[in-house]
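Chemist: Sharing run33.tsv, TSV, C-alpha atoms and all ligand atoms:
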chain	number	residue	atom	x	y	z
A	21	MET	CA	83.27	84.05	183.73
A	22	THR	CA	83.65	86.01	180.51
A	23	LEU	CA	86.77	86.47	178.45
A	24	ARG	CA	86.88	90.05	179.69
A	25	ASP	CA	87.44	88.81	183.28
A	26	VAL	CA	90.56	86.85	182.47
A	27	ALA	CA	92.01	88.55	179.43
A	28	GLN	CA	93.14	92.07	178.78
A	29	PRO	CA	91.57	93.93	175.85
A	30	ILE	CA	94.37	95.25	173.62
A	31	ALA	CA	92.64	96.36	170.48
A	32	ARG	CA	89.27	97.03	169.03
A	33	GLY	CA	89.32	96.70	165.27
A	34	ARG	CA	86.52	97.57	162.93
A	35	GLU	CA	84.84	94.23	163.38
A	36	SER	CA	86.60	92.47	166.22
A	37	ASP	CA	87.72	92.71	169.80
A	38	VAL	CA	91.22	91.50	170.52
A	39	PHE	CA	92.37	90.28	173.93
A	40	LEU	CA	95.63	89.15	175.44
A	41	ARG	CA	95.27	86.02	177.56
A	42	PRO	CA	97.32	85.45	180.71
A	43	ASP	CA	99.21	82.69	178.84
A	44	GLY	CA	100.43	85.31	176.36
A	45	LEU	CA	98.24	84.22	173.47
A	46	LEU	CA	95.95	86.60	171.65
A	47	VAL	CA	92.23	86.04	171.14
A	48	LYS	CA	90.33	87.66	168.29
A	49	ARG	CA	86.56	87.62	168.62
A	50	ALA	CA	84.26	88.95	165.92
A	51	ARG	CA	81.54	91.25	167.23
A	52	THR	CA	79.44	90.36	164.19
A	53	GLY	CA	79.41	86.70	165.16
A	54	ARG	CA	81.28	85.82	161.98
A	55	ASP	CA	82.76	82.29	161.95
A	56	LEU	CA	86.53	82.62	162.44
A	57	VAL	CA	87.44	79.10	161.35
A	58	PRO	CA	88.02	79.94	157.65
A	59	GLU	CA	90.32	82.84	158.59
A	60	ALA	CA	92.28	80.53	160.90
A	61	GLU	CA	92.57	77.86	158.16
A	62	LEU	CA	93.98	80.37	155.72
A	63	MET	CA	96.47	81.70	158.28
A	64	ARG	CA	97.65	78.16	159.04
A	65	HIS	CA	98.17	77.55	155.34
A	66	LEU	CA	100.10	80.80	154.84
A	67	HIS	CA	102.23	80.28	157.93
A	68	ALA	CA	103.17	76.82	156.69
A	69	HIS	CA	104.32	78.41	153.41
A	70	GLY	CA	106.49	81.03	155.03
A	71	ILE	CA	104.20	84.03	154.62
A	72	PRO	CA	104.59	86.29	157.69
A	73	VAL	CA	101.31	85.82	159.60
A	74	PRO	CA	100.75	85.04	163.31
A	75	ARG	CA	100.86	81.36	164.18
A	76	VAL	CA	97.38	79.98	164.91
A	77	HIS	CA	96.90	77.94	168.08
A	78	ASP	CA	93.23	77.24	168.06
A	79	ALA	CA	90.07	78.33	166.34
A	80	SER	CA	86.37	77.99	166.93
A	81	GLU	CA	83.38	79.71	165.42
A	82	ARG	CA	83.72	82.40	168.05
A	83	ASP	CA	87.39	82.79	168.83
A	84	LEU	CA	90.65	82.74	166.94
A	85	VAL	CA	93.55	82.08	169.32
A	86	MET	CA	96.95	82.98	167.93
A	87	GLU	CA	100.48	84.05	168.65
A	88	TYR	CA	100.67	87.62	169.94
A	89	VAL	CA	103.09	89.65	167.85
A	90	PRO	CA	104.48	92.50	169.96
A	91	GLY	CA	105.07	95.76	168.18
A	92	PRO	CA	103.39	98.82	166.79
A	93	ARG	CA	101.10	98.71	163.79
A	94	MET	CA	102.67	100.18	160.70
A	95	SER	CA	100.05	102.96	160.92
A	96	GLN	CA	101.21	103.85	164.44
A	97	GLU	CA	104.85	103.76	163.37
A	98	VAL	CA	104.22	106.27	160.56
A	99	ASP	CA	102.66	108.60	163.14
A	100	ALA	CA	105.36	108.10	165.77
A	101	ARG	CA	108.40	108.07	163.47
A	102	PRO	CA	107.46	109.97	160.32
A	103	TRP	CA	111.07	109.96	159.11
A	104	ARG	CA	110.65	106.21	158.51
A	105	ALA	CA	107.80	106.75	156.00
A	106	ALA	CA	109.81	105.74	152.93
A	107	ALA	CA	111.16	102.59	154.60
A	108	LEU	CA	107.63	101.64	155.65
A	109	GLY	CA	106.28	102.22	152.14
A	110	ARG	CA	108.96	99.86	150.80
A	111	GLN	CA	108.03	97.30	153.46
A	112	LEU	CA	104.38	97.39	152.43
A	113	ALA	CA	105.35	96.86	148.78
A	114	ASP	CA	107.62	94.05	149.89
A	115	LEU	CA	104.76	92.28	151.66
A	116	HIS	CA	102.77	92.38	148.44
A	117	ARG	CA	105.67	90.83	146.55
A	118	ARG	CA	105.65	87.99	149.05
A	119	LEU	CA	101.93	87.50	148.54
A	120	ASP	CA	102.55	87.42	144.75
A	121	THR	CA	104.26	84.08	145.20
A	122	ALA	CA	102.02	82.63	147.94
A	123	PRO	CA	100.43	79.31	146.98
A	124	VAL	CA	96.65	79.62	146.97
A	125	PRO	CA	94.88	77.07	149.18
A	126	ASP	CA	92.33	74.84	147.47
A	127	PHE	CA	89.65	75.75	149.97
A	128	LEU	CA	89.59	79.44	148.99
A	129	PRO	CA	86.74	79.78	146.47
A	130	GLY	CA	87.03	81.43	143.08
A	131	SER	CA	89.97	81.59	140.73
A	132	GLY	CA	93.17	83.55	140.46
A	133	ALA	CA	95.88	84.48	142.92
A	134	LEU	CA	95.64	85.09	146.66
A	135	LEU	CA	94.30	88.51	147.68
A	136	HIS	CA	94.24	89.90	151.24
A	137	LEU	CA	91.93	92.75	150.17
A	138	ASP	CA	92.51	94.83	153.31
A	139	LEU	CA	96.28	95.20	153.44
A	140	HIS	CA	96.55	98.69	154.92
A	141	PRO	CA	99.12	99.85	157.51
A	142	GLY	CA	96.66	99.15	160.36
A	143	ASN	CA	96.76	95.46	159.49
A	144	VAL	CA	100.55	95.17	159.59
A	145	VAL	CA	102.22	94.59	162.97
A	146	LEU	CA	105.93	95.44	163.07
A	147	GLY	CA	107.16	92.49	165.12
A	148	PRO	CA	110.65	91.62	166.33
A	149	ASP	CA	111.24	89.38	163.28
A	150	GLY	CA	109.80	91.81	160.75
A	151	PRO	CA	106.36	92.91	159.57
A	152	VAL	CA	103.49	90.46	160.06
A	153	VAL	CA	100.17	90.64	158.20
A	154	VAL	CA	96.99	90.24	160.29
A	155	ASP	CA	93.26	90.35	159.57
A	156	TRP	CA	92.72	87.83	156.78
A	157	ALA	CA	88.93	88.02	157.04
A	158	SER	CA	88.43	89.56	153.59
A	159	ALA	CA	90.82	87.28	151.70
A	160	ALA	CA	89.70	85.95	148.33
A	161	ARG	CA	91.12	84.98	144.95
A	162	GLY	CA	91.59	87.24	141.96
A	163	ASP	CA	93.95	89.69	140.30
A	164	ARG	CA	96.94	90.54	142.52
A	165	MET	CA	96.97	94.08	141.13
A	166	VAL	CA	93.58	94.77	142.71
A	167	ASP	CA	95.09	93.89	146.10
A	168	VAL	CA	98.02	96.24	145.47
A	169	ALA	CA	95.67	99.00	144.25
A	170	LEU	CA	93.59	98.70	147.45
A	171	SER	CA	96.72	99.28	149.54
A	172	TRP	CA	97.62	102.28	147.41
A	173	LEU	CA	94.14	103.75	147.96
A	174	ALA	CA	94.35	103.06	151.70
A	175	ILE	CA	97.61	104.96	152.16
A	176	ALA	CA	96.77	107.72	149.71
A	177	VAL	CA	93.29	108.72	150.87
A	178	THR	CA	92.84	107.67	154.51
A	179	GLU	CA	92.87	110.54	156.95
A	180	LEU	CA	95.50	109.57	159.51
A	181	ARG	CA	96.37	111.49	162.64
A	182	ALA	CA	99.40	113.73	162.25
A	183	PHE	CA	99.77	112.38	158.75
A	184	LYS	CA	101.35	115.39	157.21
A	185	ARG	CA	101.15	115.70	153.50
A	186	VAL	CA	104.87	115.30	152.95
A	187	VAL	CA	105.04	112.16	155.11
A	188	ARG	CA	102.14	110.60	153.26
A	189	GLY	CA	103.81	111.53	149.98
A	190	ARG	CA	106.98	109.70	150.97
A	191	LEU	CA	105.07	106.62	152.08
A	192	VAL	CA	103.08	106.49	148.84
A	193	GLN	CA	106.08	107.19	146.61
A	194	ALA	CA	108.19	104.47	148.21
A	195	PHE	CA	105.27	102.02	148.00
A	196	LEU	CA	104.71	102.73	144.30
A	197	ALA	CA	108.43	102.38	143.54
A	198	GLY	CA	108.20	98.82	144.88
A	199	VAL	CA	105.15	97.63	142.94
A	200	ASP	CA	104.34	97.02	139.28
A	201	ASP	CA	103.30	100.03	137.16
A	202	THR	CA	100.24	98.15	135.93
A	203	VAL	CA	98.63	98.75	139.33
A	204	ARG	CA	97.09	101.84	137.71
A	205	HIS	CA	94.81	99.66	135.58
A	206	ALA	CA	93.39	97.99	138.70
A	207	MET	CA	92.45	101.25	140.38
A	208	PRO	CA	88.82	101.52	139.13
A	209	GLU	CA	88.05	98.03	140.46
A	210	ALA	CA	89.84	98.69	143.76
A	211	ALA	CA	87.97	102.00	144.16
A	212	GLU	CA	84.67	100.22	143.68
A	213	ILE	CA	85.56	97.67	146.36
A	214	ARG	CA	86.75	100.34	148.78
A	215	LEU	CA	83.74	102.62	148.34
A	216	SER	CA	81.29	99.75	148.74
A	217	ARG	CA	82.75	98.89	152.15
A	218	TYR	CA	81.54	100.70	155.27
A	219	ARG	CA	80.30	104.23	155.04
A	220	ARG	CA	82.69	106.62	153.32
A	221	ASP	CA	82.36	110.37	153.76
A	222	ALA	CA	82.13	112.79	150.85
A	223	ALA	CA	85.74	113.94	151.23
A	224	GLU	CA	86.99	110.39	150.90
A	225	VAL	CA	84.78	109.60	147.93
A	226	ALA	CA	86.14	112.70	146.22
A	227	ALA	CA	89.75	111.77	147.04
A	228	VAL	CA	89.27	108.24	145.70
A	229	ASN	CA	87.67	109.49	142.51
A	230	ARG	CA	90.46	112.03	141.95
A	231	LEU	CA	93.11	109.36	142.34
A	232	VAL	CA	91.31	106.97	139.98
A	233	ALA	CA	90.87	109.74	137.39
A	234	GLY	CA	94.59	110.50	137.67
A	235	CYS	CA	95.40	106.87	136.86
A	236	ALA	CA	93.32	106.78	133.68
A	237	GLY	CA	94.97	107.08	130.28
B	301	LIG	N1	98.46	88.29	166.29
B	301	LIG	C1	98.43	89.58	166.62
B	301	LIG	N2	99.47	90.13	167.31
B	301	LIG	C2	99.45	91.43	167.66
B	301	LIG	N3	98.43	92.27	167.41
B	301	LIG	C3	97.37	91.79	166.73
B	301	LIG	C4	97.32	90.43	166.30
B	301	LIG	N4	96.14	90.25	165.67
B	301	LIG	C5	95.50	91.42	165.70
B	301	LIG	N5	96.23	92.36	166.34
B	301	LIG	C6	95.85	93.76	166.60
B	301	LIG	O1	94.46	93.85	166.72
B	301	LIG	C7	93.93	94.73	165.73
B	301	LIG	C8	92.57	94.22	165.26
B	301	LIG	O2	92.71	92.91	164.70
B	301	LIG	P1	92.20	92.63	163.22
B	301	LIG	O3	92.48	91.21	162.91
B	301	LIG	O4	92.76	93.65	162.30
B	301	LIG	O5	90.62	92.80	163.40
B	301	LIG	P2	89.54	93.77	162.69
B	301	LIG	O6	88.86	92.92	161.68
B	301	LIG	O7	88.63	94.16	163.76
B	301	LIG	O8	90.27	94.93	162.06
B	301	LIG	C9	95.00	94.78	164.64
B	301	LIG	O9	94.97	95.98	163.93
B	301	LIG	C10	96.29	94.65	165.44
B	301	LIG	O10	96.68	95.88	165.96
B	302	MG	MG	92.03	95.11	160.99
Could you render the structure from this file as structure tokens?
Modeler:
Amino acid sequence: MTLRDVAQPIARGRESDVFLRPDGLLVKRARTGRDLVPEAELMRHLHAHGIPVPRVHDASERDLVMEYVPGPRMSQEVDARPWRAAALGRQLADLHRRLDTAPVPDFLPGSGALLHLDLHPGNVVLGPDGPVVVDWASAARGDRMVDVALSWLAIAVTELRAFKRVVRGRLVQAFLAGVDDTVRHAMPEAAEIRLSRYRRDAAEVAAVNRLVAGCAG
């Protein structure tokens, strides 16, 4: 019997399939065969320190079993309720401020503060107790401003359905009002990280480069 026989697929992310089990827990399985234990360890650590992440129940190399957080992704909410764009931008900035003070676990290699490195609105679930950050697979240590700059790039350049220019503008403006001005200095590094991930089309590369150029000086 496969997982598909007993659990209901609820999402297909860029690298994982996500299922809801009959017992109400969620299973994340990496299609790439990536070991999910480190991601689970980090989530346990963050949950214990009050950072809003789903509670982990169990983890193996193949599956990460965790609390299912009901609610739309922030990206879906922007589409469905565009008048909430400014509030959502503030919420995203708020999440970064919480990560600013998160204690870094010893087992995360490198030096510096905790970075999620993929904190875009598709990785935020708006649960009944507030926004929850998922998808900690890319987490590392470094300069917090690079993490913030990556979020800025994600909301400023990603082509989102029904994402009208004015709605995007409100989201970005509210986000920037809630983060440190020095984020501009981290944009070249964030752009490099973003453009080296996956395949980016020419329009996106151009948009990223325009934004980075606008931050210079
Ligand atoms: N604990 C959770 N509760 C509710 N939804 C979740 C949870 N974890 C993941 N999801 C949903 O599944 C999607 C894919 O999971 P994610 O961890 O982002 O994997 P990927 O690496 O494939 O992007 C998320 O965008 C989110 O919508
Ligand atoms: Mg994801």
Chemist: Would you mind telling me which residue in A:Ala105, A:Val124, A:Val225, A:Ala159 lies nearest to A:Val192 when using only C-alpha atoms?
Modeler: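 So, comparing all the options, the nearest one is A:Ala105.
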Chemist: Which residues sit within 6 Å of ligand MG 302 (chain B), counting all atoms listed in the file, listed as a list in words?
Modeler: Gly33, Asn143 and Asp155 of chain A
Chemist: So which residues touch A:Leu215 within 10 Å, counting all atoms listed in the file, skipping near sequence neighbours fewer than 3 positions away, as an MDAnalysis selection string?
Modeler: chainID A and resid 210:212 218:221 224:225 228:229
Chemist: Would you list the residues that come within 8 Å of ligand LIG 301 (chain B)? Count only C-alpha atoms and all ligand atoms and give the answer as an MDAnalysis selection string.
Modeler: chainID A and resid 30:38 46:48 50 73:75 86:93 142:145 154:157
Chemist: Set the distance at 12 Å and use only C-alpha atoms: which residues neighbour A:Val26 once local chain neighbours fewer than 6 positions away are removed? I'd like the list as JSON, numbers by chain.
Modeler: {"A": [39, 40, 41, 42, 43, 44, 47]}
Chemist: Could you name the residues that touch A:Ala206 at 7 Å or less, counting all atoms listed in the file, but leaving out those on the same chain fewer than 2 positions away, as a count of residues only?
Modeler: 8
Chemist: Between atom CA of A:Leu119 and atom CA of A:His136, what is the distance, to one decimal in Å?
Modeler: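 A separation of 8.5 Å between them.
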Chemist: List every residue of stretch 80-168 of chain A that has an atom at most 7 Å from any atom of stretch 55-60 of chain A, and for each one report the closest atom pair and its distance in Å to one decimal, counting all atoms listed in the file, with rows sorted by chain and then by increasing residue number, as a tab-separated table.
Modeler:
residue	atom	partner	partner_atom	distance
A:Ser80	CA	A:Val57	CA	5.8
A:Glu81	CA	A:Asp55	CA	4.4
A:Arg82	CA	A:Asp55	CA	6.2
A:Asp83	CA	A:Leu56	CA	6.4
A:Leu84	CA	A:Leu56	CA	6.1
A:Trp156	CA	A:Glu59	CA	5.8
A:Ala157	CA	A:Glu59	CA	5.6
Chemist: Pick out the closest residue to A:Ala223 from this set: A:Leu62, A:Val186, A:Ala133, A:Val177. Count all atoms listed in the file.
Modeler: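 Of the candidates, the smallest distance to A:Ala223 is held by A:Val177.
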Chemist: Using only C-alpha atoms, find the one residue out of A:Val168, A:Ala176, A:Arg118, A:Arg54 that sits nearest to A:Gln193.
Modeler: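 Going through A:Val168, A:Ala176, A:Arg118, A:Arg54 one by one, the smallest distance to A:Gln193 is for A:Ala176.
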